[in-house]
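With compact mmCIF, C-alpha atoms and all ligand atoms inside, this is coords-v1.txt:
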```txt
# COMPACT_ATOMS: atom_id res chain seq x y z
CA MET A 1 34.95 90.87 82.79
CA ALA A 2 36.23 90.68 86.37
CA PHE A 3 36.56 87.40 88.28
CA LEU A 4 33.65 88.26 90.60
CA GLU A 5 31.07 90.86 89.69
CA LEU A 6 28.12 92.06 91.71
CA HIS A 7 25.51 93.97 89.74
CA ASP A 8 22.95 96.08 91.58
CA LEU A 9 22.69 93.37 94.22
CA LYS A 10 19.81 93.70 96.71
CA THR A 11 18.86 91.60 99.72
CA HIS A 12 15.77 92.89 101.46
CA PHE A 13 14.13 91.29 104.49
CA PRO A 14 10.41 91.81 105.07
CA VAL A 15 9.42 92.80 108.60
CA LYS A 16 6.15 91.12 109.54
CA GLY A 17 3.58 92.62 111.83
CA GLY A 18 -0.17 92.90 112.39
CA ALA A 19 -2.33 91.53 115.20
CA LEU A 20 -4.57 89.04 113.43
CA ILE A 21 -3.26 88.77 109.94
CA SER A 22 0.50 88.81 109.46
CA LYS A 23 1.51 91.33 106.87
CA THR A 24 4.68 93.02 105.75
CA ILE A 25 4.89 96.32 107.60
CA ASP A 26 8.42 97.29 106.72
CA THR A 27 11.51 96.19 104.80
CA ILE A 28 15.09 95.93 106.06
CA LYS A 29 17.30 96.79 103.11
CA ALA A 30 20.37 94.88 104.35
CA VAL A 31 21.99 95.00 100.92
CA ASP A 32 20.63 97.75 98.75
CA GLY A 33 22.07 98.05 95.28
CA VAL A 34 25.69 96.93 95.53
CA ASP A 35 27.97 97.01 92.49
CA LEU A 36 31.45 95.61 93.05
CA SER A 37 34.07 93.71 91.13
CA ILE A 38 37.07 91.66 92.28
CA GLU A 39 39.93 90.43 90.15
CA LYS A 40 41.51 87.01 90.55
CA GLY A 41 44.21 87.16 93.24
CA GLU A 42 42.79 90.33 94.75
CA ILE A 43 41.92 90.99 98.37
CA LEU A 44 38.91 93.25 98.70
CA GLY A 45 38.42 94.79 102.12
CA LEU A 46 34.82 95.36 103.13
CA VAL A 47 34.39 97.72 106.08
CA GLY A 48 31.49 99.26 107.91
CA GLU A 49 29.83 99.39 111.30
CA SER A 50 27.76 96.62 112.87
CA GLY A 51 24.50 96.01 111.03
CA CYS A 52 25.50 97.76 107.79
CA GLY A 53 25.03 94.53 105.80
CA LYS A 54 28.53 93.01 105.45
CA SER A 55 27.58 89.46 106.44
CA THR A 56 24.33 89.57 104.48
CA LEU A 57 26.29 90.68 101.42
CA SER A 58 28.70 87.76 101.81
CA ARG A 59 25.86 85.27 102.34
CA THR A 60 24.17 86.60 99.21
CA VAL A 61 27.39 86.29 97.19
CA MET A 62 27.64 82.64 98.32
CA GLN A 63 23.97 82.05 97.47
CA LEU A 64 23.23 81.05 101.06
CA GLN A 65 20.78 83.93 101.10
CA PRO A 66 18.76 84.45 97.93
CA ALA A 67 19.17 87.88 96.37
CA THR A 68 16.03 89.99 96.10
CA SER A 69 17.38 91.26 92.79
CA GLY A 70 20.64 91.78 90.94
CA LYS A 71 23.38 89.46 89.76
CA VAL A 72 26.39 87.60 91.19
CA ILE A 73 28.75 86.61 88.38
CA LEU A 74 31.68 84.37 89.28
CA ASP A 75 34.15 83.44 86.59
CA GLY A 76 31.66 84.44 83.88
CA GLU A 77 28.73 82.48 85.33
CA ASP A 78 25.64 84.17 86.74
CA LEU A 79 25.00 82.29 89.99
CA THR A 80 21.62 83.93 90.57
CA ALA A 81 20.31 82.28 87.38
CA LEU A 82 21.39 78.70 88.16
CA PRO A 83 19.11 75.85 89.24
CA LYS A 84 19.27 74.99 92.98
CA GLU A 85 21.10 71.71 92.37
CA ILE A 86 23.95 73.43 90.48
CA VAL A 87 24.09 76.22 93.08
CA ARG A 88 24.72 73.57 95.73
CA GLN A 89 27.71 72.28 93.76
CA ARG A 90 29.04 75.79 93.18
CA ARG A 91 28.97 76.52 96.91
CA LEU A 92 32.22 74.60 97.24
CA ASP A 93 33.81 77.43 95.27
CA PHE A 94 33.21 79.68 98.28
CA GLN A 95 34.74 79.03 101.66
CA MET A 96 34.48 81.10 104.80
CA VAL A 97 36.74 81.93 107.72
CA PHE A 98 34.93 83.25 110.78
CA GLN A 99 35.82 85.38 113.77
CA ASP A 100 35.80 82.54 116.29
CA PRO A 101 37.70 79.47 115.08
CA TYR A 102 36.76 77.57 118.23
CA ALA A 103 33.07 77.82 117.42
CA SER A 104 33.59 76.95 113.76
CA LEU A 105 35.74 73.84 114.29
CA ASN A 106 34.21 70.56 115.42
CA PRO A 107 35.65 69.92 118.94
CA ARG A 108 35.26 66.14 118.52
CA MET A 109 37.27 65.93 115.33
CA THR A 110 41.05 65.80 115.08
CA ILE A 111 42.72 68.28 112.77
CA PHE A 112 43.42 65.39 110.42
CA SER A 113 39.72 64.43 110.22
CA THR A 114 38.60 68.03 109.80
CA LEU A 115 41.03 68.70 106.96
CA ALA A 116 40.59 65.26 105.34
CA GLU A 117 36.82 65.73 105.26
CA ALA A 118 37.20 69.18 103.66
CA ILE A 119 39.64 67.86 101.03
CA CYS A 120 37.26 64.99 100.15
CA GLN A 121 34.42 67.43 99.51
CA ARG A 122 36.25 68.32 96.30
CA HIS A 123 38.05 65.00 95.79
CA PRO A 124 35.81 62.16 97.04
CA ASP A 125 38.10 59.72 95.23
CA LEU A 126 40.83 60.45 97.81
CA LYS A 127 38.80 58.97 100.69
CA LYS A 128 40.85 56.31 102.51
CA SER A 129 43.71 56.72 100.05
CA ASP A 130 47.32 57.17 101.16
CA ASP A 131 47.44 60.42 99.22
CA LEU A 132 44.97 61.95 101.66
CA THR A 133 47.50 62.06 104.50
CA GLY A 134 50.01 63.66 102.16
CA LYS A 135 47.45 66.32 101.25
CA VAL A 136 46.73 67.05 104.93
CA VAL A 137 50.45 67.38 105.69
CA GLU A 138 50.86 69.73 102.75
CA LEU A 139 47.88 71.85 103.78
CA MET A 140 49.14 72.15 107.36
CA ALA A 141 52.54 73.29 106.08
CA THR A 142 50.83 75.87 103.85
CA VAL A 143 49.33 77.57 106.91
CA GLY A 144 52.48 77.20 109.02
CA LEU A 145 51.45 74.25 111.20
CA ASP A 146 53.61 71.25 112.04
CA SER A 147 51.90 68.07 110.82
CA ARG A 148 53.11 66.23 113.92
CA HIS A 149 50.04 67.82 115.56
CA MET A 150 47.50 66.45 113.11
CA ARG A 151 46.02 63.92 115.53
CA LYS A 152 45.24 66.63 118.07
CA TYR A 153 41.89 68.28 118.78
CA PRO A 154 41.01 71.98 118.44
CA HIS A 155 41.19 72.65 122.22
CA GLU A 156 44.86 71.61 122.22
CA PHE A 157 45.83 74.61 120.09
CA SER A 158 46.17 78.33 120.79
CA GLY A 159 43.71 80.83 119.32
CA GLY A 160 46.09 81.82 116.54
CA GLN A 161 46.82 78.18 115.66
CA ARG A 162 43.10 77.43 115.60
CA GLN A 163 42.58 80.25 113.13
CA ARG A 164 45.36 78.71 110.98
CA ILE A 165 43.44 75.42 111.08
CA ALA A 166 40.23 77.22 110.06
CA ILE A 167 42.12 78.83 107.16
CA ALA A 168 43.52 75.42 106.13
CA ARG A 169 40.02 73.98 106.18
CA ALA A 170 38.78 76.84 104.00
CA LEU A 171 41.56 76.21 101.48
CA ALA A 172 41.06 72.42 101.45
CA PRO A 173 38.24 72.29 98.85
CA GLU A 174 40.27 74.58 96.53
CA PRO A 175 37.75 77.45 96.57
CA LYS A 176 37.67 80.19 93.96
CA LEU A 177 36.88 82.78 96.64
CA VAL A 178 37.50 82.92 100.38
CA ILE A 179 35.32 85.18 102.48
CA ALA A 180 36.90 86.03 105.81
CA ASP A 181 34.37 87.63 108.17
CA GLU A 182 36.25 89.45 110.96
CA PRO A 183 38.94 86.69 111.01
CA VAL A 184 41.31 88.49 113.39
CA SER A 185 38.89 90.45 115.59
CA ALA A 186 38.97 87.88 118.40
CA LEU A 187 42.77 87.55 118.47
CA ASP A 188 45.47 89.38 120.44
CA VAL A 189 47.10 92.16 118.48
CA SER A 190 50.43 90.32 118.08
CA ILE A 191 48.62 87.21 116.81
CA GLN A 192 46.47 89.37 114.52
CA SER A 193 49.48 90.46 112.50
CA GLN A 194 50.70 86.86 112.18
CA ILE A 195 47.36 85.80 110.69
CA LEU A 196 47.22 88.85 108.41
CA ASN A 197 50.73 88.07 107.18
CA LEU A 198 49.74 84.44 106.59
CA LEU A 199 46.80 85.58 104.44
CA LEU A 200 49.10 87.91 102.47
CA ASP A 201 51.52 85.03 102.05
CA LEU A 202 48.73 82.78 100.72
CA LYS A 203 47.66 85.49 98.30
CA ALA A 204 51.23 85.69 96.95
CA LYS A 205 51.78 81.92 96.82
CA LEU A 206 48.36 80.63 95.80
CA GLY A 207 46.85 83.66 94.10
CA LEU A 208 44.11 83.58 96.73
CA THR A 209 41.08 85.76 95.96
CA MET A 210 39.42 87.05 99.11
CA ILE A 211 36.79 89.31 100.57
CA PHE A 212 38.10 90.42 103.94
CA ILE A 213 35.39 91.80 106.20
CA SER A 214 36.21 93.98 109.19
CA HIS A 215 34.87 96.92 111.15
CA ASP A 216 38.49 98.09 111.55
CA LEU A 217 39.75 100.22 108.69
CA SER A 218 43.40 100.03 109.81
CA VAL A 219 43.36 96.21 109.63
CA VAL A 220 41.70 96.29 106.21
CA ARG A 221 44.16 98.83 104.92
CA TYR A 222 47.05 96.54 105.87
CA ILE A 223 45.75 93.54 103.95
CA ALA A 224 43.48 94.77 101.14
CA ASP A 225 44.25 95.87 97.58
CA ASN A 226 40.95 97.73 97.34
CA ILE A 227 38.55 98.85 100.02
CA ALA A 228 34.76 99.12 99.84
CA VAL A 229 33.11 101.07 102.65
CA MET A 230 29.56 99.94 103.36
CA TYR A 231 26.91 101.99 105.10
CA ALA A 232 23.22 101.02 105.47
CA GLY A 233 23.33 98.45 102.69
CA LYS A 234 25.19 100.59 100.17
CA ILE A 235 28.82 100.99 99.14
CA VAL A 236 29.50 104.64 99.95
CA GLU A 237 33.17 104.63 99.00
CA TYR A 238 35.39 102.34 96.94
CA GLY A 239 39.01 102.66 95.91
CA GLU A 240 42.59 101.57 96.19
CA ALA A 241 43.37 100.81 99.86
CA ASP A 242 45.93 103.56 100.54
CA GLU A 243 43.85 106.09 98.67
CA VAL A 244 40.75 105.39 100.76
CA PHE A 245 42.84 105.47 103.94
CA HIS A 246 44.77 108.67 103.22
CA ASN A 247 42.31 110.55 101.09
CA PRO A 248 38.76 109.53 102.04
CA LYS A 249 36.04 111.24 100.03
CA ASP A 250 32.98 110.18 101.95
CA ASP A 251 31.99 111.65 105.33
CA TYR A 252 31.22 108.21 106.71
CA THR A 253 34.71 106.93 105.78
CA LYS A 254 36.19 109.97 107.52
CA ARG A 255 34.22 109.10 110.65
CA LEU A 256 35.45 105.50 110.52
CA LEU A 257 39.02 106.78 110.27
CA SER A 258 38.62 109.10 113.23
CA ALA A 259 37.37 106.13 115.26
CA ILE A 260 40.77 104.41 114.99
CA PRO A 261 42.42 105.15 118.38
CA HIS A 262 45.96 105.94 117.20
CA MET A 263 44.64 108.10 114.38
CA LYS A 264 42.69 110.13 116.93
CA ALA A 265 45.79 110.59 119.04
CA THR A 266 47.82 111.93 116.13
CA ALA A 267 45.03 114.07 114.64
N1 LIG A 301 17.79 86.69 108.18
C1 LIG A 301 17.51 87.96 108.47
N2 LIG A 301 16.24 88.38 108.62
C2 LIG A 301 15.95 89.67 108.90
N3 LIG A 301 16.88 90.64 109.02
C3 LIG A 301 18.15 90.30 108.88
C4 LIG A 301 18.56 88.94 108.60
N4 LIG A 301 19.93 88.91 108.50
C5 LIG A 301 20.34 90.16 108.73
N5 LIG A 301 19.30 91.00 108.96
C6 LIG A 301 19.38 92.45 109.21
O1 LIG A 301 20.11 93.02 108.14
C7 LIG A 301 20.97 94.07 108.60
C8 LIG A 301 22.42 93.77 108.22
O2 LIG A 301 22.90 92.69 109.04
P1 LIG A 301 24.34 92.02 108.84
O3 LIG A 301 24.43 90.89 109.77
O4 LIG A 301 24.52 91.74 107.40
O5 LIG A 301 25.31 93.21 109.27
P2 LIG A 301 26.89 93.18 109.51
O6 LIG A 301 27.44 94.38 108.79
O7 LIG A 301 27.45 91.86 109.16
O8 LIG A 301 27.00 93.44 111.09
P3 LIG A 301 28.12 92.92 112.15
O9 LIG A 301 29.33 93.81 111.96
O10 LIG A 301 27.47 93.15 113.48
O11 LIG A 301 28.41 91.49 111.87
C9 LIG A 301 20.72 94.19 110.09
O12 LIG A 301 19.75 95.18 110.29
C10 LIG A 301 20.18 92.83 110.46
O13 LIG A 301 19.35 92.89 111.59
MG MG A 302 28.49 90.40 110.28
```

Write out the structure in this file as structure tokens.
Amino acid sequence: MAFLELHDLKTHFPVKGGALISKTIDTIKAVDGVDLSIEKGEILGLVGESGCGKSTLSRTVMQLQPATSGKVILDGEDLTALPKEIVRQRRLDFQMVFQDPYASLNPRMTIFSTLAEAICQRHPDLKKSDDLTGKVVELMATVGLDSRHMRKYPHEFSGGQRQRIAIARALAPEPKLVIADEPVSALDVSIQSQILNLLLDLKAKLGLTMIFISHDLSVVRYIADNIAVMYAGKIVEYGEADEVFHNPKDDYTKRLLSAIPHMKATA
């Protein structure tokens, strides 16, 4: 059994309509029968155009959005079958990194407070202990930040540094799975590669397991072990990253490839 398994996962949204009596007039099949598996220490790249269901899939995996049907099995446990109370506890096992670190970090909290709070989610016993500072220093070093800056606020950092802080915060509760939703899309190209290399470094050092979401197949190819291509709620192609990139089978994947500017130029 793989570390994370999705079995025929569906997330459908009813579309309501009707003048007097509200009734379901249509269904948006945001996730429509997804089977995927991820091994421990693997980076799975999830690509597809806007609206294809990438974020809904990740929210359903994290149990933030209830599945319409299907299973999410993490480390042998079916999360879709757990009572709400236990699901809340398990949510700590999933942490997210978003596109805009500025929006996802609290502007009124120092980096120390942000990271300390995230560490204490898993280890409440560390609150107010001397060990907590040590943990924050260690975490900052892990993502390549100097701990001399830990009393600073998010606005005092550059975009790339802020994304490092967001990554540190995601790692703080020792998650089993990190879901990064377009984590480099808002960054300059030179900074993008620094963050991608950091994530690869963390995978090597910590055995990080990650779903890396992007609309950009060339970015995903750089970082992912395997790539799943999503189109209209379904996985239309799945395979080893280089294989999908160099030898795409599906027409939609071929179209995504031809949309990469430098690929077009050399075609
Ligand atoms: N809570 C919701 N209620 C109704 N429809 C929703 C909801 N969340 C998402 N959708 C719809 O589900 C589909 C998939 O949306 P989703 O946000 O998962 O796509 P995405 O691949 O993450 O897109 P993007 O690349 O723009 O982030 C879209 O048609 C969207 O409008
Ligand atoms: Mg999205």

**Message:** One decimal, in Å: what's the spacing between atom CA of Glu182 of chain A and atom CA of Met96 of chain A?
**Reply:**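 That distance, rounded to one decimal, is 10.5 Å.
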
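For segment 102-107 of chain A, the non-local neighbours within 8 Å, defined as residues at least 2 positions apart in the same chain or in other chains and counting all atoms listed in the file, are Phe98, Asp100, Met109, Thr110, Thr114, Tyr153, Pro154, His155, Gly159, Arg162 and Ala166 of chain A.
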
Selection export as a PDB file, keeping the file's coordinate frame, atoms kept: C-alpha atoms:
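Result file is out.pdb:
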```pdb
ATOM      1  CA  PHE A  98      34.930  83.250 110.780  1.00  0.00           C
ATOM      2  CA  ASP A 100      35.800  82.540 116.290  1.00  0.00           C
ATOM      3  CA  MET A 109      37.270  65.930 115.330  1.00  0.00           C
ATOM      4  CA  THR A 110      41.050  65.800 115.080  1.00  0.00           C
ATOM      5  CA  THR A 114      38.600  68.030 109.800  1.00  0.00           C
ATOM      6  CA  TYR A 153      41.890  68.280 118.780  1.00  0.00           C
ATOM      7  CA  PRO A 154      41.010  71.980 118.440  1.00  0.00           C
ATOM      8  CA  HIS A 155      41.190  72.650 122.220  1.00  0.00           C
ATOM      9  CA  GLY A 159      43.710  80.830 119.320  1.00  0.00           C
ATOM     10  CA  ARG A 162      43.100  77.430 115.600  1.00  0.00           C
ATOM     11  CA  ALA A 166      40.230  77.220 110.060  1.00  0.00           C
TER      12      ALA A 166
END
```

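Closest approach to Leu115 of chain A among A:Pro173, A:Pro66, A:Gly76, A:Pro83 is made by A:Pro173 (distances from all atoms listed in the file).
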
Specify the axis-aligned box that encloses all atoms of segment 10-22 of chain A listed in the file after padding of 3 Å on each side, stating its centre and edge lengths in Å to one decimal as JSON.
```
{"center_x": 7.6, "center_y": 91.2, "center_z": 106.0, "size_x": 30.4, "size_y": 10.9, "size_z": 24.5}
```

**Request:** Compute the set of protein, DNA and RNA residues whose minimum atom distance to ligand MG 302 (chain A) is at most 10 Å, using only C-alpha atoms and all ligand atoms, and state it as a list in words.
**Result:** Gly48, Glu49, Ser50, Gly51, Cys52, Gly53, Lys54, Ser55, Thr56, Leu57, Ser58, Arg59, Phe98, Gln99, Asp181, Glu182, Ile213, Ser214 and His215 of chain A

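Environment of (50.6, 90.8, 107.6): residues at most 12 Å away, judged by all atoms listed in the file, are A:Val184, A:Val189, A:Ser190, A:Ile191, A:Gln192, A:Ser193, A:Gln194, A:Ile195, A:Leu196, A:Asn197, A:Leu198, A:Leu199, A:Leu200, A:Asp201, A:Leu202, A:Lys203, A:Ala204, A:Ser218, A:Val219, A:Val220, A:Arg221, A:Tyr222, A:Ile223, A:Ala224.
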
**Request:** Identify which of the residues A:Pro183, A:Pro101, A:Gly207, A:Pro175 lies closest to ligand LIG 301 (chain A), counting only C-alpha atoms and all ligand atoms when measuring atom-to-atom distances.
**Result:**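 The shortest atom-to-atom distance to ligand LIG 301 (chain A) comes from A:Pro183.
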
**Request:** Find the distance between atom CA of Leu132 of chain A and atom CA of Ile165 of chain A and write it in Å to one decimal.
**Result:**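 A separation of 16.5 Å between them.
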
**Asked** Which one is closest to Arg148 of chain A: A:Ser129, A:Ile111, A:Gly239, A:Ala172? Count only C-alpha atoms.
**Response**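 The closest residue to Arg148 of chain A is A:Ile111.
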
**Message:** Please report the interatomic distance between atom C5 of ligand LIG 301 (chain A) and atom CA of Ala30 of chain A in Å with one decimal.
**Reply:** 6.4 Å

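Shortest atom-to-atom contact with Asp131 of chain A among A:Val72, A:Leu145, A:Ala180, A:Ala116: A:Ala116, counting only C-alpha atoms.
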
**Request:** Pick out the closest residue to ligand LIG 301 (chain A) from this set: A:Ser37, A:Thr24, A:Gln65, A:Thr133. Count all atoms listed in the file.
**Result:**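 Comparing A:Ser37, A:Thr24, A:Gln65, A:Thr133 against ligand LIG 301 (chain A), the winner is A:Gln65.
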
**Request:** Counting all atoms listed in the file, select every polymer residue within 8 Å of (23.3, 82.8, 95.1) as defined in the file's coordinates, and provide the selection as a ChimeraX atom specification.
**Result:** /A:60-67,72,79-80,87

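Of the residues under consideration (A:Gly233, A:Gly70, A:Gly17, A:Gly33), A:Gly233 shows the shortest atom-to-atom contact distance to ligand LIG 301 (chain A) when counting all atoms listed in the file.
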
Some atoms are absent from segment 178-200 of chain A, so rebuild N, CA and C atoms and return them as a PDB file, in the coordinates of the input.
```pdb
ATOM      1  N   VAL A 178      37.608  83.080  98.924  1.00  0.00           N
ATOM      2  CA  VAL A 178      37.500  82.920 100.380  1.00  0.00           C
ATOM      3  C   VAL A 178      36.887  84.196 100.942  1.00  0.00           C
ATOM      4  N   ILE A 179      35.891  84.032 101.792  1.00  0.00           N
ATOM      5  CA  ILE A 179      35.320  85.180 102.480  1.00  0.00           C
ATOM      6  C   ILE A 179      35.686  85.068 103.947  1.00  0.00           C
ATOM      7  N   ALA A 180      36.464  86.022 104.420  1.00  0.00           N
ATOM      8  CA  ALA A 180      36.900  86.030 105.810  1.00  0.00           C
ATOM      9  C   ALA A 180      36.118  87.107 106.537  1.00  0.00           C
ATOM     10  N   ASP A 181      35.249  86.686 107.478  1.00  0.00           N
ATOM     11  CA  ASP A 181      34.370  87.630 108.170  1.00  0.00           C
ATOM     12  C   ASP A 181      34.952  87.915 109.561  1.00  0.00           C
ATOM     13  N   GLU A 182      35.590  89.051 109.703  1.00  0.00           N
ATOM     14  CA  GLU A 182      36.250  89.450 110.960  1.00  0.00           C
ATOM     15  C   GLU A 182      37.225  88.373 111.468  1.00  0.00           C
ATOM     16  N   PRO A 183      38.124  87.855 110.621  1.00  0.00           N
ATOM     17  CA  PRO A 183      38.940  86.690 111.010  1.00  0.00           C
ATOM     18  C   PRO A 183      39.970  86.967 112.102  1.00  0.00           C
ATOM     19  N   VAL A 184      40.305  88.224 112.359  1.00  0.00           N
ATOM     20  CA  VAL A 184      41.310  88.490 113.390  1.00  0.00           C
ATOM     21  C   VAL A 184      40.757  89.266 114.585  1.00  0.00           C
ATOM     22  N   SER A 185      39.462  89.579 114.551  1.00  0.00           N
ATOM     23  CA  SER A 185      38.890  90.450 115.590  1.00  0.00           C
ATOM     24  C   SER A 185      38.950  89.853 116.988  1.00  0.00           C
ATOM     25  N   ALA A 186      38.972  88.507 117.079  1.00  0.00           N
ATOM     26  CA  ALA A 186      38.970  87.880 118.400  1.00  0.00           C
ATOM     27  C   ALA A 186      40.378  87.564 118.893  1.00  0.00           C
ATOM     28  N   LEU A 187      41.390  87.937 118.120  1.00  0.00           N
ATOM     29  CA  LEU A 187      42.770  87.550 118.470  1.00  0.00           C
ATOM     30  C   LEU A 187      43.547  88.706 119.093  1.00  0.00           C
ATOM     31  N   ASP A 188      44.561  88.348 119.896  1.00  0.00           N
ATOM     32  CA  ASP A 188      45.470  89.380 120.440  1.00  0.00           C
ATOM     33  C   ASP A 188      46.161  90.099 119.294  1.00  0.00           C
ATOM     34  N   VAL A 189      46.527  91.346 119.544  1.00  0.00           N
ATOM     35  CA  VAL A 189      47.100  92.160 118.480  1.00  0.00           C
ATOM     36  C   VAL A 189      48.329  91.507 117.825  1.00  0.00           C
ATOM     37  N   SER A 190      49.219  90.918 118.646  1.00  0.00           N
ATOM     38  CA  SER A 190      50.430  90.320 118.080  1.00  0.00           C
ATOM     39  C   SER A 190      50.086  89.115 117.191  1.00  0.00           C
ATOM     40  N   ILE A 191      49.058  88.374 117.585  1.00  0.00           N
ATOM     41  CA  ILE A 191      48.620  87.210 116.810  1.00  0.00           C
ATOM     42  C   ILE A 191      47.891  87.684 115.540  1.00  0.00           C
ATOM     43  N   GLN A 192      47.173  88.789 115.678  1.00  0.00           N
ATOM     44  CA  GLN A 192      46.470  89.370 114.520  1.00  0.00           C
ATOM     45  C   GLN A 192      47.408  89.557 113.351  1.00  0.00           C
ATOM     46  N   SER A 193      48.577  90.166 113.615  1.00  0.00           N
ATOM     47  CA  SER A 193      49.480  90.460 112.500  1.00  0.00           C
ATOM     48  C   SER A 193      50.051  89.177 111.899  1.00  0.00           C
ATOM     49  N   GLN A 194      50.229  88.140 112.726  1.00  0.00           N
ATOM     50  CA  GLN A 194      50.700  86.860 112.180  1.00  0.00           C
ATOM     51  C   GLN A 194      49.686  86.275 111.195  1.00  0.00           C
ATOM     52  N   ILE A 195      48.409  86.351 111.565  1.00  0.00           N
ATOM     53  CA  ILE A 195      47.360  85.800 110.690  1.00  0.00           C
ATOM     54  C   ILE A 195      47.215  86.651 109.425  1.00  0.00           C
ATOM     55  N   LEU A 196      47.298  87.977 109.590  1.00  0.00           N
ATOM     56  CA  LEU A 196      47.220  88.850 108.410  1.00  0.00           C
ATOM     57  C   LEU A 196      48.380  88.571 107.457  1.00  0.00           C
ATOM     58  N   ASN A 197      49.576  88.369 108.029  1.00  0.00           N
ATOM     59  CA  ASN A 197      50.730  88.070 107.180  1.00  0.00           C
ATOM     60  C   ASN A 197      50.594  86.710 106.506  1.00  0.00           C
ATOM     61  N   LEU A 198      49.993  85.760 107.212  1.00  0.00           N
ATOM     62  CA  LEU A 198      49.740  84.440 106.590  1.00  0.00           C
ATOM     63  C   LEU A 198      48.817  84.610 105.385  1.00  0.00           C
ATOM     64  N   LEU A 199      47.750  85.392 105.544  1.00  0.00           N
ATOM     65  CA  LEU A 199      46.800  85.580 104.440  1.00  0.00           C
ATOM     66  C   LEU A 199      47.481  86.269 103.244  1.00  0.00           C
ATOM     67  N   LEU A 200      48.361  87.239 103.550  1.00  0.00           N
ATOM     68  CA  LEU A 200      49.100  87.910 102.470  1.00  0.00           C
ATOM     69  C   LEU A 200      50.036  86.944 101.757  1.00  0.00           C
TER      70      LEU A 200
END
```
